[in-house]
$ cat upload06.tsv   # TSV, C-alpha atoms and all ligand atoms
chain	number	residue	atom	x	y	z
Y	85	MET	CA	-19.63	20.85	-12.31
Y	86	THR	CA	-20.22	19.19	-8.95
Y	87	ALA	CA	-18.45	16.01	-7.84
Y	88	LYS	CA	-21.64	14.02	-8.44
Y	89	THR	CA	-21.50	14.71	-12.18
Y	90	ILE	CA	-17.92	13.49	-12.70
Y	91	ASP	CA	-17.87	10.34	-14.81
Y	92	PRO	CA	-15.75	7.63	-13.07
Y	93	VAL	CA	-14.07	6.77	-16.40
Y	94	LEU	CA	-13.00	10.41	-16.90
Y	95	TYR	CA	-11.78	10.44	-13.28
Y	96	ARG	CA	-9.69	7.28	-13.79
Y	97	ASN	CA	-8.29	8.61	-17.08
Y	98	ALA	CA	-7.26	11.84	-15.40
Y	99	MET	CA	-5.77	9.92	-12.45
Y	100	SER	CA	-3.71	7.80	-14.87
Y	101	ARG	CA	-1.67	10.98	-15.48
Y	102	TYR	CA	-0.96	11.29	-11.77
Y	103	ALA	CA	2.38	9.57	-11.06
Y	104	GLY	CA	2.53	7.59	-7.84
Y	105	HIS	CA	5.24	5.76	-5.94
Y	106	VAL	CA	4.32	2.06	-5.75
Y	107	GLN	CA	4.19	0.67	-2.23
Y	108	ILE	CA	3.13	-2.54	-0.53
Y	109	VAL	CA	1.06	-2.06	2.59
Y	110	THR	CA	1.20	-5.07	4.91
Y	111	THR	CA	-0.33	-6.30	8.12
Y	112	ALA	CA	-0.31	-9.43	10.27
Y	113	MET	CA	-2.37	-10.81	13.11
Y	114	GLY	CA	-1.51	-14.20	14.61
Y	115	GLU	CA	-0.84	-16.50	11.67
Y	116	GLU	CA	-2.74	-14.30	9.21
Y	117	LYS	CA	-0.93	-11.93	6.87
Y	118	ARG	CA	-2.02	-9.54	4.16
Y	119	GLY	CA	-0.13	-7.34	1.71
Y	120	VAL	CA	-1.58	-5.07	-0.99
Y	121	THR	CA	0.14	-3.09	-3.73
Y	122	VAL	CA	-0.97	0.54	-3.51
Y	123	THR	CA	-0.25	3.98	-4.86
Y	124	ALA	CA	-2.90	5.75	-2.76
Y	125	ALA	CA	-0.64	6.46	0.21
Y	126	CYS	CA	1.13	9.57	1.44
Y	127	SER	CA	2.62	11.49	4.32
Y	128	VAL	CA	0.26	13.33	6.67
Y	129	SER	CA	2.71	14.92	9.15
Y	130	ASP	CA	6.29	14.68	10.40
Y	131	ASN	CA	5.36	15.46	14.02
Y	132	PRO	CA	4.20	13.04	15.17
Y	133	ALA	CA	5.19	11.06	12.07
Y	134	THR	CA	1.90	10.08	10.44
Y	135	VAL	CA	0.96	8.48	7.11
Y	136	LEU	CA	-2.25	7.47	5.38
Y	137	VAL	CA	-3.22	4.78	2.91
Y	138	CYS	CA	-6.48	4.14	1.06
Y	139	LEU	CA	-7.67	0.55	0.67
Y	140	ASN	CA	-10.63	-0.86	-1.22
Y	141	ALA	CA	-13.34	-1.50	1.39
Y	142	GLY	CA	-15.10	-3.90	-1.00
Y	143	ASN	CA	-12.31	-6.47	-0.60
Y	144	GLN	CA	-13.07	-8.47	2.56
Y	145	ALA	CA	-9.44	-9.53	2.91
Y	146	ASN	CA	-8.59	-5.89	3.67
Y	147	GLU	CA	-10.52	-6.11	6.95
Y	148	LEU	CA	-7.37	-7.58	8.51
Y	149	PHE	CA	-5.86	-4.06	8.53
Y	150	THR	CA	-8.54	-2.65	10.84
Y	151	LYS	CA	-8.70	-5.85	12.92
Y	152	SER	CA	-4.94	-5.98	13.54
Y	153	GLY	CA	-4.55	-2.25	14.24
Y	154	ARG	CA	-1.14	-2.13	12.58
Y	155	PHE	CA	0.31	-1.72	9.13
Y	156	ALA	CA	3.64	-1.17	7.39
Y	157	LEU	CA	4.00	1.00	4.30
Y	158	ASN	CA	6.89	-0.31	2.18
Y	159	SER	CA	8.12	1.95	-0.65
Y	160	LEU	CA	9.39	-0.08	-3.60
Y	161	ALA	CA	12.49	0.20	-5.75
Y	162	ALA	CA	12.28	-0.18	-9.55
Y	163	ASP	CA	13.68	-3.74	-9.46
Y	164	GLN	CA	10.82	-4.83	-7.16
Y	165	GLN	CA	8.15	-4.74	-9.89
Y	166	PRO	CA	7.62	-8.56	-9.69
Y	167	LEU	CA	6.80	-8.14	-5.98
Y	168	ALA	CA	4.36	-5.31	-6.78
Y	169	GLU	CA	2.69	-7.56	-9.34
Y	170	ALA	CA	2.39	-10.49	-6.92
Y	171	PHE	CA	0.81	-8.27	-4.24
Y	172	SER	CA	-1.61	-6.77	-6.75
Y	173	GLY	CA	-3.18	-10.19	-7.22
Y	174	MET	CA	-1.49	-10.92	-10.56
Y	175	GLY	CA	-1.02	-14.69	-10.90
Y	176	LYS	CA	-3.48	-15.19	-8.01
Y	177	LEU	CA	-0.73	-16.56	-5.76
Y	178	PRO	CA	-1.66	-17.71	-2.26
Y	179	VAL	CA	-0.65	-15.23	0.47
Y	180	GLU	CA	2.29	-17.35	1.72
Y	181	GLU	CA	3.79	-17.50	-1.80
Y	182	ARG	CA	3.52	-13.73	-2.16
Y	183	PHE	CA	5.40	-13.17	1.12
Y	184	ALA	CA	7.95	-15.91	0.26
Y	185	LYS	CA	9.20	-13.73	-2.63
Y	186	ALA	CA	11.04	-11.36	-0.24
Y	187	LYS	CA	12.64	-11.03	3.18
Y	188	TRP	CA	10.53	-9.40	5.91
Y	189	LEU	CA	11.49	-7.89	9.26
Y	190	ASN	CA	9.59	-7.45	12.50
Y	191	LEU	CA	10.28	-3.95	13.90
Y	192	ALA	CA	7.89	-2.29	16.37
Y	193	THR	CA	4.28	-3.22	15.62
Y	194	GLY	CA	4.64	-6.71	14.15
Y	195	ALA	CA	3.46	-5.68	10.66
Y	196	PRO	CA	5.77	-7.26	8.04
Y	197	VAL	CA	8.49	-4.77	7.04
Y	198	LEU	CA	10.14	-5.37	3.67
Y	199	ALA	CA	13.92	-5.68	4.31
Y	200	ASP	CA	14.80	-4.28	0.85
Y	201	ALA	CA	12.21	-1.48	0.80
Y	202	MET	CA	13.70	1.92	-0.11
Y	203	ALA	CA	11.90	3.14	2.98
Y	204	ALA	CA	9.42	1.41	5.27
Y	205	PHE	CA	7.09	2.98	7.82
Y	206	ASP	CA	5.91	0.65	10.59
Y	207	CYS	CA	2.65	2.10	11.93
Y	208	ARG	CA	0.07	1.77	14.65
Y	209	LEU	CA	-3.41	2.38	13.23
Y	210	ILE	CA	-4.84	5.48	14.93
Y	211	GLU	CA	-7.90	6.07	12.77
Y	212	ALA	CA	-9.89	4.34	10.02
Y	213	LYS	CA	-12.60	6.12	8.07
Y	214	GLN	CA	-14.59	4.85	5.11
Y	215	VAL	CA	-15.08	7.39	2.32
Y	216	ALA	CA	-16.94	6.29	-0.82
Y	217	THR	CA	-15.53	2.87	-1.82
Y	218	HIS	CA	-12.33	3.06	0.19
Y	219	MET	CA	-11.14	2.85	3.78
Y	220	ILE	CA	-8.64	5.54	4.76
Y	221	LEU	CA	-6.18	4.13	7.27
Y	222	ILE	CA	-4.20	6.67	9.27
Y	223	GLY	CA	-1.13	5.40	11.06
Y	224	GLU	CA	1.33	6.86	13.52
Y	225	VAL	CA	4.83	5.74	12.59
Y	226	GLU	CA	6.51	3.75	15.37
Y	227	ALA	CA	9.62	2.68	13.45
Y	228	ILE	CA	11.33	3.47	10.16
Y	229	HIS	CA	13.54	1.14	8.14
Y	230	LEU	CA	15.79	2.35	5.33
Y	231	GLY	CA	16.82	-0.28	2.78
Y	232	PRO	CA	19.04	0.30	-0.26
Y	233	ASN	CA	18.52	3.65	-2.00
Y	234	SER	CA	17.99	3.25	-5.75
Y	235	ALA	CA	15.56	4.13	-8.53
Y	236	ALA	CA	11.94	4.24	-7.33
Y	237	LEU	CA	9.13	2.09	-8.76
Y	238	MET	CA	6.41	4.42	-10.04
Y	239	TYR	CA	3.02	3.87	-11.68
Y	240	PHE	CA	2.12	6.34	-14.42
Y	241	GLU	CA	-0.13	6.10	-17.50
Y	242	ARG	CA	-1.24	2.62	-16.38
Y	243	ALA	CA	2.29	1.21	-16.42
Y	244	PHE	CA	5.21	0.67	-14.08
Y	245	LYS	CA	8.13	3.09	-14.59
Y	246	ALA	CA	11.51	3.65	-12.96
Y	247	LEU	CA	12.34	7.08	-11.60
W	301	LIG	C1	-0.03	0.05	-9.40
W	301	LIG	C2	-1.20	-0.39	-8.55
W	301	LIG	C3	-1.71	0.47	-7.58
W	301	LIG	C4	-2.77	0.09	-6.78
W	301	LIG	N1	-3.21	0.95	-5.82
W	301	LIG	C5	-4.19	0.54	-4.96
W	301	LIG	C6	-4.58	1.38	-3.88
W	301	LIG	O1	-4.06	2.47	-3.69
W	301	LIG	N2	-5.55	0.91	-3.04
W	301	LIG	C7	-6.15	-0.31	-3.22
W	301	LIG	O2	-7.03	-0.67	-2.43
W	301	LIG	N3	-5.80	-1.11	-4.24
W	301	LIG	C8	-4.82	-0.73	-5.10
W	301	LIG	N4	-4.43	-1.55	-6.12
W	301	LIG	C9	-5.12	-2.84	-6.30
W	301	LIG	C10	-4.66	-3.88	-5.31
W	301	LIG	O3	-3.25	-4.10	-5.36
W	301	LIG	C11	-5.38	-5.22	-5.60
W	301	LIG	O4	-6.74	-4.98	-5.73
W	301	LIG	C12	-5.25	-6.19	-4.50
W	301	LIG	O5	-3.92	-6.49	-4.22
W	301	LIG	C13	-5.98	-7.48	-4.87
W	301	LIG	O6	-5.55	-8.42	-3.94
W	301	LIG	P1	-6.17	-9.86	-3.76
W	301	LIG	O7	-5.95	-10.58	-5.03
W	301	LIG	O8	-5.35	-10.43	-2.65
W	301	LIG	O9	-7.58	-9.66	-3.34
W	301	LIG	C14	-3.36	-1.19	-6.94
W	301	LIG	C15	-2.85	-2.06	-7.92
W	301	LIG	C16	-1.77	-1.67	-8.72
W	301	LIG	C17	-1.23	-2.61	-9.75
$ encode --input "upload06.tsv" --output "structure tokens"
Amino acid sequence: MTAKTIDPVLYRNAMSRYAGHVQIVTTAMGEEKRGVTVTAACSVSDNPATVLVCLNAGNQANELFTKSGRFALNSLAADQQPLAEAFSGMGKLPVEERFAKAKWLNLATGAPVLADAMAAFDCRLIEAKQVATHMILIGEVEAIHLGPNSAALMYFERAFKAL
């Protein structure tokens, strides 16, 4: 079977069995801010420290990530599910209200870094490439912040779980 014949519903069902750490990817430029709950993010390399994140290119608001040239990847703890929900668009809160739910730091690039993230990676965007429906953002890590270490917030079988 070639990739072209894979039914998107089958693909999503299979992916629902793929456990992912829930993260919020953020950016800021001037007064504008944007944060998105994601699971499609991972490490690329430890030297130089590099990460990637995949964002829906069909959402115009996500253009701020390529315009600003910076992003922070904030890994969430299990008790931060309400934050993950707010940044996934649940409740349709305005951007300022989403950010008002937590404390944010400014480290190296100016992207909002979640003070209580289990780990946060403050990145300079080094490459952006659109593949299919999504934009792959590759970032070189310029600063790391370690918040409290606790159970991780995961997404598995279409539900949030603690690990
Ligand atoms: C658990 C979970 C994981 C998600 N993963 C991604 C992802 O990896 N990439 C992405 O573009 N959107 C992902 N989304 C969807 C975005 O969070 C959502 O489309 C976006 O925040 C909508 O924001 P808006 O209301 O500000 O437009 C995920 C949502 C949830 C609940």
$ atom_distance --input "upload06.tsv" --atom1 "atom CA of Asp200 of chain Y" --atom2 "atom CA of Gly231 of chain Y"
4.9 Å
$ residues_around --input "upload06.tsv" --residues "Gly153 of chain Y" --least-positions-apart "4" --cutoff "8 Å" --atoms "only C-alpha atoms" --output "list of chain:residue names"
Y:Phe149, Y:Arg208, Y:Leu209, Y:Ile210
$ write_last_selection --input "upload06.tsv" --atoms "C-alpha atoms" --output "PDB file, in the coordinates of the input"
ATOM      1  CA  PHE Y 149      -5.860  -4.060   8.530  1.00  0.00           C
ATOM      2  CA  ARG Y 208       0.070   1.770  14.650  1.00  0.00           C
ATOM      3  CA  LEU Y 209      -3.410   2.380  13.230  1.00  0.00           C
ATOM      4  CA  ILE Y 210      -4.840   5.480  14.930  1.00  0.00           C
TER       5      ILE Y 210
END
$ residues_near_ligand --input "upload06.tsv" --ligand "ligand LIG 301 (chain W)" --cutoff "10 Å" --atoms "only C-alpha atoms and all ligand atoms" --output "MDAnalysis selection string"
chainID Y and resid 103:109 118:125 137:146 165 168:179 182 217:220 237:240 242:244
$ closest_residue --input "upload06.tsv" --among "Y:Leu148, Y:Ala216, Y:Leu230, Y:Ala184" --to "Ala203 of chain Y" --atoms "only C-alpha atoms"
Y:Leu230
$ closest_residue --input "upload06.tsv" --among "Y:Leu221, Y:Ala112, Y:Leu94, Y:Ala246" --to "Leu160 of chain Y" --atoms "only C-alpha atoms"
Y:Ala246
$ axis_aligned_box --input "upload06.tsv" --around "segment 217-235 of chain Y" --padding-each-side "3 Å" --output "AutoDock Vina command-line options"
--center_x 1.8 --center_y 3.3 --center_z 3.4 --size_x 40.6 --size_y 13.1 --size_z 29.9
$ atom_distance --input "upload06.tsv" --atom1 "atom CA of Gly114 of chain Y" --atom2 "atom CA of Ala212 of chain Y"
20.9 Å
$ closest_residue --input "upload06.tsv" --among "Y:Ala156, Y:Ile90, Y:Ala98, Y:Ala195" --to "Ile222 of chain Y" --atoms "all atoms listed in the file"
Y:Ala156
$ atom_distance --input "upload06.tsv" --atom1 "atom CA of Cys126 of chain Y" --atom2 "atom CA of Tyr95 of chain Y"
19.6 Å
$ residues_around --input "upload06.tsv" --residues "Lys187 of chain Y" --least-positions-apart "2" --cutoff "12 Å" --atoms "only C-alpha atoms" --output "PDB file with C-alpha atoms, in the frame of the given file"
ATOM      1  CA  LEU Y 167       6.800  -8.140  -5.980  1.00  0.00           C
ATOM      2  CA  ARG Y 182       3.520 -13.730  -2.160  1.00  0.00           C
ATOM      3  CA  PHE Y 183       5.400 -13.170   1.120  1.00  0.00           C
ATOM      4  CA  ALA Y 184       7.950 -15.910   0.260  1.00  0.00           C
ATOM      5  CA  LYS Y 185       9.200 -13.730  -2.630  1.00  0.00           C
ATOM      6  CA  LEU Y 189      11.490  -7.890   9.260  1.00  0.00           C
ATOM      7  CA  ASN Y 190       9.590  -7.450  12.500  1.00  0.00           C
ATOM      8  CA  PRO Y 196       5.770  -7.260   8.040  1.00  0.00           C
ATOM      9  CA  VAL Y 197       8.490  -4.770   7.040  1.00  0.00           C
ATOM     10  CA  LEU Y 198      10.140  -5.370   3.670  1.00  0.00           C
ATOM     11  CA  ALA Y 199      13.920  -5.680   4.310  1.00  0.00           C
ATOM     12  CA  ASP Y 200      14.800  -4.280   0.850  1.00  0.00           C
ATOM     13  CA  ALA Y 201      12.210  -1.480   0.800  1.00  0.00           C
ATOM     14  CA  GLY Y 231      16.820  -0.280   2.780  1.00  0.00           C
TER      15      GLY Y 231
END
$ closest_residue --input "upload06.tsv" --among "Y:Ser234, Y:Glu180, Y:Glu241, Y:Arg154" --to "Asn97 of chain Y" --atoms "all atoms listed in the file"
Y:Glu241
$ closest_residue --input "upload06.tsv" --among "Y:Glu224, Y:Glu147, Y:Lys117, Y:Asn233" --to "Gly194 of chain Y" --atoms "only C-alpha atoms"
Y:Lys117
